[in-house]
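One structure below.
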Amino acid sequence: MRIEVDGRGVGAAEGATVLDAVRAAGVWLPTLCHDDRLTPVGSCRTCLVRIGGTLAAACVTPVGDGAQIVTSGAELEALRHDAVELLVSALPQRALGDIPSELASVCQKLGVGSHTARGADEREPDGSHPYVHLDPDLCIACGRCVRICAEVQRTFALTLVGRGADTVVAPGTAGAWADSDCVACGGCVDTCPTGAIFQPGLPPGTAASRRLPTAATTTRTTCGYCGVGCSLDVVSEDDRVTAVLPDREGPVNRGHACVKGRFAHGFLRSPERLTQPLVRRNGRLQPASWDEALDHIARGLRAAVTAGGPDAVAAISSARATNEENYLVQKFMRTVIGTNNIDNCSRLCHSPSAAGLTASFGLAGGTDSFDDIDQADCLLVVGANPADAHPVVGARLLERALRGAALIVADPRAVGLATYADVHLRPRPGTNVALCHGIAHVLIEEQLIDEDFLRGRATGLPEVAALLKEYAPEAAAAITGVPAADIVQAARLYGRSRCPAIIYGLGVTEHLHGTDGVRALANLAILRGAVGTDRGLGLYPLRGQNNVQGASDMGALPDSLPGYHKVTDPAARARAEQVWGTPVPARPGLRIPQMFAAARKGHLRALWIIGEDVCSTDPNSNQMAAALDACPLVVSQDLFLSPTGHRADVVLPAASWLEKDGTFVNFDRRFQRVRAAVQPPGRARSRLRRRPRRRRHLRRRPRLPHPSRRPRRMRPHQPPLHRTLPPAPRSRRRHLLALPAPRPARPGQALHRPVRHPRWPRPPRRQPLPTVRRTTRRHLPAHPGHRPPPGALQLRQHDPPHRQPAPRPRRPPRHPPR
């Protein structure tokens, strides 16, 4: 559409408002009740304009083709001035004093002075909540806080009370804020235009206006808690974090955050933080210098290799560490020590998911960008509680459900989303594979499958159809305990939807048959033709920690090099050896359970544990403690002295995600930048700064520069089609990349379309998934890398429409192999 704003022609899209058109023309209008994330209401009347001679509120008026909009003029300016002055008249003078709020900025531009504020401080402030405080005397009843709680967070914890000029915001429970349903997402703080709702650490009103103190520094980084990957703005003063605000342009969180990402940064100043290395002397951990600690570690590693060979050393990397740190850990173990004994905590969560997704789709990650979830009209949530574990994702899913999308929840527990579910399937624990088979049976029997997609893009349908004959709804109900009618209803909702999506979590993967559960869910998406097409959104695996995906992508696995290339593959090893300049061991290393078993038997003589408290988190803590006591050298690297650290021989202080540079990969394969907002306390250092020093103590020269250049170093040993890491300049861009990113000049692939490069051999056809009858052990593979027996679909690997360029020849390594 073409319209005119003050005589200037601008374009506008269908459904745009007058406010959108005015902003496109570069004209400023006051909008005290408006937030771009919320439904416009037009209650403050401060954005008045004239359209064809008629006064209208710009925020709620749709623009029509050929409209002539007038925003300037003495009459309109007087109307806006009077509207703002009326709002201010009921406030105390301090509302326009030292409070750098959005309202104060509007008053300054319109010439409304503080003398117009004639209200009194009459109401009692509410400071009962540790993170959100309320000053009701500053409230103008714009309703933004109520709407953001209802429309974005979907908690419905706030309401407006009172009448007329006495209308103010209050908790919906009519009591103290701390006793309300508030989940402390901070959305109300981030939208309040007056500072009536504010957070400790920032002056009232600054969270919405972003008019931060002059001495404050803002650092944009990625949250280090769960795998959602929220983009955050960290506010710091004098090397102390004073506040964390959500990035309003964040590609995943879209200006939203949860209580942990926004407020849980007090641990940085905890007196219990490790600030210097500790070395065990005479049975006690005592402070030491970095040189002393690293010398002790180097002597222990050399002694372990001398006594038992390279495989007598093992390392557990961290899913909370950056991609660069994980890459260096696995490279250190393979090139310096000479062993593949490297694993990370994804052994119990992401590894089964990676194995199942790779077997079905050829990629060890989710199939679609989470941006597309707004298109979903059916959500199948399996073994996940995103409302509590991934609140930003949970809020988006609940929003879709409340807007009409069908919601199917499969979980034995009454998780948060189950209250709003159209169907809540509550299978017996461990029977989720049979439940998925029952749903798939109904899809095939009622012809709710995409036969064209299956013929052209998938293999294994006859075998799967034969298997699923044993899983009629009544048979699946006998195994799972879910009523057959509910299984049929769930299958029909999923099969008849236009754009379904599957979201699953640790309730699927943290099982003995976790890989089978993932492949059974993949079967549903493939049967429905909902992968790599516009007819569905495939699968979204919710990651428990912030970089579970990246840790495995970087090769912190005993059987995989970076990019999930098997260490048993000679071609993969040759590529790595060409880049690293040293031989790579061919035998797969020990997994985490095998490491501790080897330590108890005396075969493992050195264990390096990074960012993990295995004595508290791993099963059978007594066996964990016995393994650590039996191992001659245990190195613990963490923020705090954990129970694992108490049993270690050397404890190294680590830097948190707010104190280091690097990158993370979130649950939908976004490669995201991490930046240091403050310095680590005391002598604590990032793992990137310690690894080169450890190489020197082992008489090895460090080779890797600053984190911004490391992605370029990690790319060359990956095949052209599956280069998962973008070059460094792209990782600095504002718009983040999805993985894989095949070529530097092309954007990353947010939508996974399985392809095969002509120069790479077609992978062998995989056998379908095992029949899991009553989920007994004898039907399950021994581990995720076990060759899958019959029962699952697999997407065919097609040639890409464009030809990939041949890889450029590599320069010879600067350092000769040892």
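By order in the structure tokens, chains are A, B, ...; within a chain, residues start at 1; ligands start at 1, following the order shown.
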>> At a cut-off of 8 Å, using only C-alpha atoms, what residues contact Ala458 of chain A? Leave out same-chain residues fewer than 5 positions from it and give the result as a ChimeraX atom specification.
In response: /A:453,526,793-796
Residues of the last selection are to be written out with C-alpha atoms, as a tab-separated table (two decimals), in the first residue's frame.
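Dumped to out_28.tsv:
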chain	number	residue	atom	x	y	z
A	453	PHE	CA	6.41	-37.69	0.65
A	526	ILE	CA	8.12	-38.66	8.58
A	793	LEU	CA	11.69	-44.75	8.77
A	794	GLN	CA	14.67	-42.88	7.36
A	795	LEU	CA	14.73	-39.91	5.03
A	796	ARG	CA	16.49	-40.48	1.74
So which residues touch His265 of chain A within 12 Å, counting only C-alpha atoms, skipping near sequence neighbours fewer than 4 positions away, as a PDB file with N, CA, C and O atoms, in the first residue's frame?
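The resulting out27.pdb:
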ATOM      1  N   TYR A 131      12.682  -9.830  43.518  1.00  0.00           N
ATOM      2  CA  TYR A 131      13.134  -9.371  42.211  1.00  0.00           C
ATOM      3  C   TYR A 131      12.246  -8.306  41.582  1.00  0.00           C
ATOM      4  O   TYR A 131      12.693  -7.602  40.672  1.00  0.00           O
ATOM      5  N   GLY A 201      18.662  -2.974  41.688  1.00  0.00           N
ATOM      6  CA  GLY A 201      19.886  -2.880  40.902  1.00  0.00           C
ATOM      7  C   GLY A 201      19.836  -1.849  39.813  1.00  0.00           C
ATOM      8  O   GLY A 201      20.882  -1.439  39.292  1.00  0.00           O
ATOM      9  N   CYS A 223      22.500 -16.327  27.200  1.00  0.00           N
ATOM     10  CA  CYS A 223      22.262 -16.899  28.530  1.00  0.00           C
ATOM     11  C   CYS A 223      22.957 -18.249  28.666  1.00  0.00           C
ATOM     12  O   CYS A 223      22.996 -19.053  27.723  1.00  0.00           O
ATOM     13  N   GLY A 224      23.476 -18.511  29.856  1.00  0.00           N
ATOM     14  CA  GLY A 224      24.225 -19.735  30.106  1.00  0.00           C
ATOM     15  C   GLY A 224      23.501 -20.742  30.963  1.00  0.00           C
ATOM     16  O   GLY A 224      24.147 -21.591  31.581  1.00  0.00           O
ATOM     17  N   TYR A 225      22.187 -20.686  31.023  1.00  0.00           N
ATOM     18  CA  TYR A 225      21.450 -21.651  31.843  1.00  0.00           C
ATOM     19  C   TYR A 225      20.910 -22.807  30.994  1.00  0.00           C
ATOM     20  O   TYR A 225      21.582 -23.804  30.811  1.00  0.00           O
ATOM     21  N   VAL A 234      23.646  -7.456  29.453  1.00  0.00           N
ATOM     22  CA  VAL A 234      24.151  -7.470  30.826  1.00  0.00           C
ATOM     23  C   VAL A 234      24.647  -6.072  31.166  1.00  0.00           C
ATOM     24  O   VAL A 234      25.525  -5.528  30.482  1.00  0.00           O
ATOM     25  N   VAL A 235      24.094  -5.488  32.227  1.00  0.00           N
ATOM     26  CA  VAL A 235      24.470  -4.147  32.679  1.00  0.00           C
ATOM     27  C   VAL A 235      25.464  -4.295  33.825  1.00  0.00           C
ATOM     28  O   VAL A 235      25.187  -5.003  34.803  1.00  0.00           O
ATOM     29  N   SER A 236      26.600  -3.642  33.704  1.00  0.00           N
ATOM     30  CA  SER A 236      27.635  -3.758  34.732  1.00  0.00           C
ATOM     31  C   SER A 236      28.203  -2.382  35.045  1.00  0.00           C
ATOM     32  O   SER A 236      28.228  -1.486  34.192  1.00  0.00           O
ATOM     33  N   ARG A 240      31.042  -5.139  38.146  1.00  0.00           N
ATOM     34  CA  ARG A 240      30.013  -5.874  38.877  1.00  0.00           C
ATOM     35  C   ARG A 240      28.734  -5.849  38.046  1.00  0.00           C
ATOM     36  O   ARG A 240      28.340  -4.789  37.534  1.00  0.00           O
ATOM     37  N   VAL A 241      28.094  -6.993  37.920  1.00  0.00           N
ATOM     38  CA  VAL A 241      26.825  -7.064  37.202  1.00  0.00           C
ATOM     39  C   VAL A 241      25.733  -6.472  38.087  1.00  0.00           C
ATOM     40  O   VAL A 241      25.501  -6.941  39.200  1.00  0.00           O
ATOM     41  N   THR A 242      25.086  -5.429  37.602  1.00  0.00           N
ATOM     42  CA  THR A 242      24.005  -4.803  38.360  1.00  0.00           C
ATOM     43  C   THR A 242      22.626  -5.251  37.889  1.00  0.00           C
ATOM     44  O   THR A 242      21.666  -5.216  38.668  1.00  0.00           O
ATOM     45  N   ALA A 243      22.503  -5.649  36.649  1.00  0.00           N
ATOM     46  CA  ALA A 243      21.211  -6.096  36.127  1.00  0.00           C
ATOM     47  C   ALA A 243      21.433  -6.855  34.837  1.00  0.00           C
ATOM     48  O   ALA A 243      22.449  -6.685  34.158  1.00  0.00           O
ATOM     49  N   VAL A 244      20.458  -7.695  34.498  1.00  0.00           N
ATOM     50  CA  VAL A 244      20.440  -8.405  33.220  1.00  0.00           C
ATOM     51  C   VAL A 244      19.077  -8.147  32.588  1.00  0.00           C
ATOM     52  O   VAL A 244      18.039  -8.394  33.207  1.00  0.00           O
ATOM     53  N   LEU A 245      19.078  -7.640  31.362  1.00  0.00           N
ATOM     54  CA  LEU A 245      17.853  -7.312  30.652  1.00  0.00           C
ATOM     55  C   LEU A 245      17.752  -8.150  29.380  1.00  0.00           C
ATOM     56  O   LEU A 245      18.769  -8.434  28.738  1.00  0.00           O
ATOM     57  N   VAL A 259      13.240 -16.200  35.094  1.00  0.00           N
ATOM     58  CA  VAL A 259      13.771 -15.725  36.372  1.00  0.00           C
ATOM     59  C   VAL A 259      15.261 -16.008  36.497  1.00  0.00           C
ATOM     60  O   VAL A 259      16.022 -15.180  37.026  1.00  0.00           O
ATOM     61  N   LYS A 260      15.727 -17.142  35.994  1.00  0.00           N
ATOM     62  CA  LYS A 260      17.152 -17.456  36.126  1.00  0.00           C
ATOM     63  C   LYS A 260      18.006 -16.574  35.235  1.00  0.00           C
ATOM     64  O   LYS A 260      18.994 -15.978  35.686  1.00  0.00           O
ATOM     65  N   GLY A 261      17.653 -16.498  33.972  1.00  0.00           N
ATOM     66  CA  GLY A 261      18.457 -15.698  33.065  1.00  0.00           C
ATOM     67  C   GLY A 261      18.495 -14.234  33.443  1.00  0.00           C
ATOM     68  O   GLY A 261      19.495 -13.547  33.229  1.00  0.00           O
ATOM     69  N   ARG A 269      29.166 -12.990  42.845  1.00  0.00           N
ATOM     70  CA  ARG A 269      29.788 -12.338  43.992  1.00  0.00           C
ATOM     71  C   ARG A 269      29.753 -13.207  45.239  1.00  0.00           C
ATOM     72  O   ARG A 269      29.997 -12.719  46.343  1.00  0.00           O
ATOM     73  N   SER A 270      29.420 -14.466  45.075  1.00  0.00           N
ATOM     74  CA  SER A 270      29.339 -15.354  46.235  1.00  0.00           C
ATOM     75  C   SER A 270      30.705 -15.518  46.895  1.00  0.00           C
ATOM     76  O   SER A 270      31.720 -15.716  46.213  1.00  0.00           O
ATOM     77  N   SER A 656      32.582 -18.133  34.725  1.00  0.00           N
ATOM     78  CA  SER A 656      31.195 -18.403  34.367  1.00  0.00           C
ATOM     79  C   SER A 656      30.892 -17.838  32.983  1.00  0.00           C
ATOM     80  O   SER A 656      31.715 -17.179  32.348  1.00  0.00           O
ATOM     81  N   TRP A 657      29.660 -18.069  32.513  1.00  0.00           N
ATOM     82  CA  TRP A 657      29.263 -17.610  31.187  1.00  0.00           C
ATOM     83  C   TRP A 657      29.219 -16.085  31.093  1.00  0.00           C
ATOM     84  O   TRP A 657      29.267 -15.533  29.995  1.00  0.00           O
ATOM     85  N   LEU A 658      29.167 -15.393  32.224  1.00  0.00           N
ATOM     86  CA  LEU A 658      29.188 -13.939  32.223  1.00  0.00           C
ATOM     87  C   LEU A 658      30.603 -13.381  32.235  1.00  0.00           C
ATOM     88  O   LEU A 658      30.784 -12.162  32.210  1.00  0.00           O
ATOM     89  N   GLU A 659      31.594 -14.266  32.276  1.00  0.00           N
ATOM     90  CA  GLU A 659      32.975 -13.842  32.458  1.00  0.00           C
ATOM     91  C   GLU A 659      33.907 -14.320  31.345  1.00  0.00           C
ATOM     92  O   GLU A 659      35.116 -14.279  31.500  1.00  0.00           O
ATOM     93  N   ALA A 677      31.104  -9.941  30.334  1.00  0.00           N
ATOM     94  CA  ALA A 677      30.606  -8.680  30.878  1.00  0.00           C
ATOM     95  C   ALA A 677      31.462  -8.183  32.031  1.00  0.00           C
ATOM     96  O   ALA A 677      31.571  -6.980  32.247  1.00  0.00           O
ATOM     97  N   VAL A 678      32.029  -9.124  32.794  1.00  0.00           N
ATOM     98  CA  VAL A 678      32.899  -8.782  33.926  1.00  0.00           C
ATOM     99  C   VAL A 678      34.082  -9.731  33.920  1.00  0.00           C
ATOM    100  O   VAL A 678      34.096 -10.738  33.198  1.00  0.00           O
TER     101      VAL A 678
END
> If you run DSSP on this backbone, which residues of segment 291-438 of chain A come out as strand (DSSP E), and could you give them as a ChimeraX atom specification?
Replying inline: /A:313-316,342-343,378-382,406-410,423-425
> Tell me, which residues of segment 562-643 of chain A carry DSSP alpha helix (DSSP H), written as number ranges by chain?
Replying inline: A: 570-580, 592-601, 614-617, 621-630, 643
Only C-alpha atoms, please: the residues just picked out, written as a PDB file, in the first residue's frame.
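Result file is result33.pdb:
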ATOM      1  CA  PRO A 570      39.840 -43.468   8.203  1.00  0.00           C
ATOM      2  CA  ALA A 571      38.775 -40.540   5.993  1.00  0.00           C
ATOM      3  CA  ALA A 572      37.536 -38.565   8.997  1.00  0.00           C
ATOM      4  CA  ARG A 573      40.742 -39.239  10.907  1.00  0.00           C
ATOM      5  CA  ALA A 574      42.815 -38.230   7.886  1.00  0.00           C
ATOM      6  CA  ARG A 575      41.053 -34.856   7.684  1.00  0.00           C
ATOM      7  CA  ALA A 576      41.610 -34.249  11.393  1.00  0.00           C
ATOM      8  CA  GLU A 577      45.257 -35.311  11.164  1.00  0.00           C
ATOM      9  CA  GLN A 578      45.804 -32.944   8.253  1.00  0.00           C
ATOM     10  CA  VAL A 579      44.486 -30.022  10.288  1.00  0.00           C
ATOM     11  CA  TRP A 580      45.986 -30.948  13.647  1.00  0.00           C
ATOM     12  CA  ILE A 592      31.332 -41.728  31.302  1.00  0.00           C
ATOM     13  CA  PRO A 593      30.023 -44.887  33.026  1.00  0.00           C
ATOM     14  CA  GLN A 594      32.942 -46.862  31.601  1.00  0.00           C
ATOM     15  CA  MET A 595      35.402 -44.256  32.890  1.00  0.00           C
ATOM     16  CA  PHE A 596      34.277 -44.712  36.472  1.00  0.00           C
ATOM     17  CA  ALA A 597      34.191 -48.485  36.125  1.00  0.00           C
ATOM     18  CA  ALA A 598      37.774 -48.401  34.799  1.00  0.00           C
ATOM     19  CA  ALA A 599      38.835 -46.161  37.688  1.00  0.00           C
ATOM     20  CA  ARG A 600      37.412 -48.574  40.258  1.00  0.00           C
ATOM     21  CA  LYS A 601      39.321 -51.417  38.577  1.00  0.00           C
ATOM     22  CA  VAL A 614      29.467 -36.201  39.291  1.00  0.00           C
ATOM     23  CA  CYS A 615      29.118 -37.079  42.976  1.00  0.00           C
ATOM     24  CA  SER A 616      25.815 -35.190  43.094  1.00  0.00           C
ATOM     25  CA  THR A 617      24.363 -35.604  39.596  1.00  0.00           C
ATOM     26  CA  SER A 621      26.916 -41.572  44.141  1.00  0.00           C
ATOM     27  CA  ASN A 622      28.702 -44.121  46.341  1.00  0.00           C
ATOM     28  CA  GLN A 623      30.188 -45.768  43.266  1.00  0.00           C
ATOM     29  CA  MET A 624      31.156 -42.336  41.918  1.00  0.00           C
ATOM     30  CA  ALA A 625      32.973 -41.520  45.148  1.00  0.00           C
ATOM     31  CA  ALA A 626      34.723 -44.894  45.136  1.00  0.00           C
ATOM     32  CA  ALA A 627      35.932 -44.315  41.571  1.00  0.00           C
ATOM     33  CA  LEU A 628      37.320 -40.874  42.404  1.00  0.00           C
ATOM     34  CA  ASP A 629      39.074 -42.231  45.502  1.00  0.00           C
ATOM     35  CA  ALA A 630      40.640 -45.035  43.455  1.00  0.00           C
ATOM     36  CA  PRO A 643      31.450 -32.654  46.542  1.00  0.00           C
TER      37      PRO A 643
END
> What is the atom CA of Leu32 of chain A-atom CA of His129 of chain A distance in Å, reported with one decimal?
Replying inline: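 Atom CA of His129 of chain A lies 25.7 Å from atom CA of Leu32 of chain A.
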> Pick the closest to Leu468 of chain A from A:Trp290, A:Ile99, A:Asn282, A:Ala434: which is it, counting only C-alpha atoms?
Replying inline: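 Comparing A:Trp290, A:Ile99, A:Asn282, A:Ala434 against Leu468 of chain A, the winner is A:Ala434.
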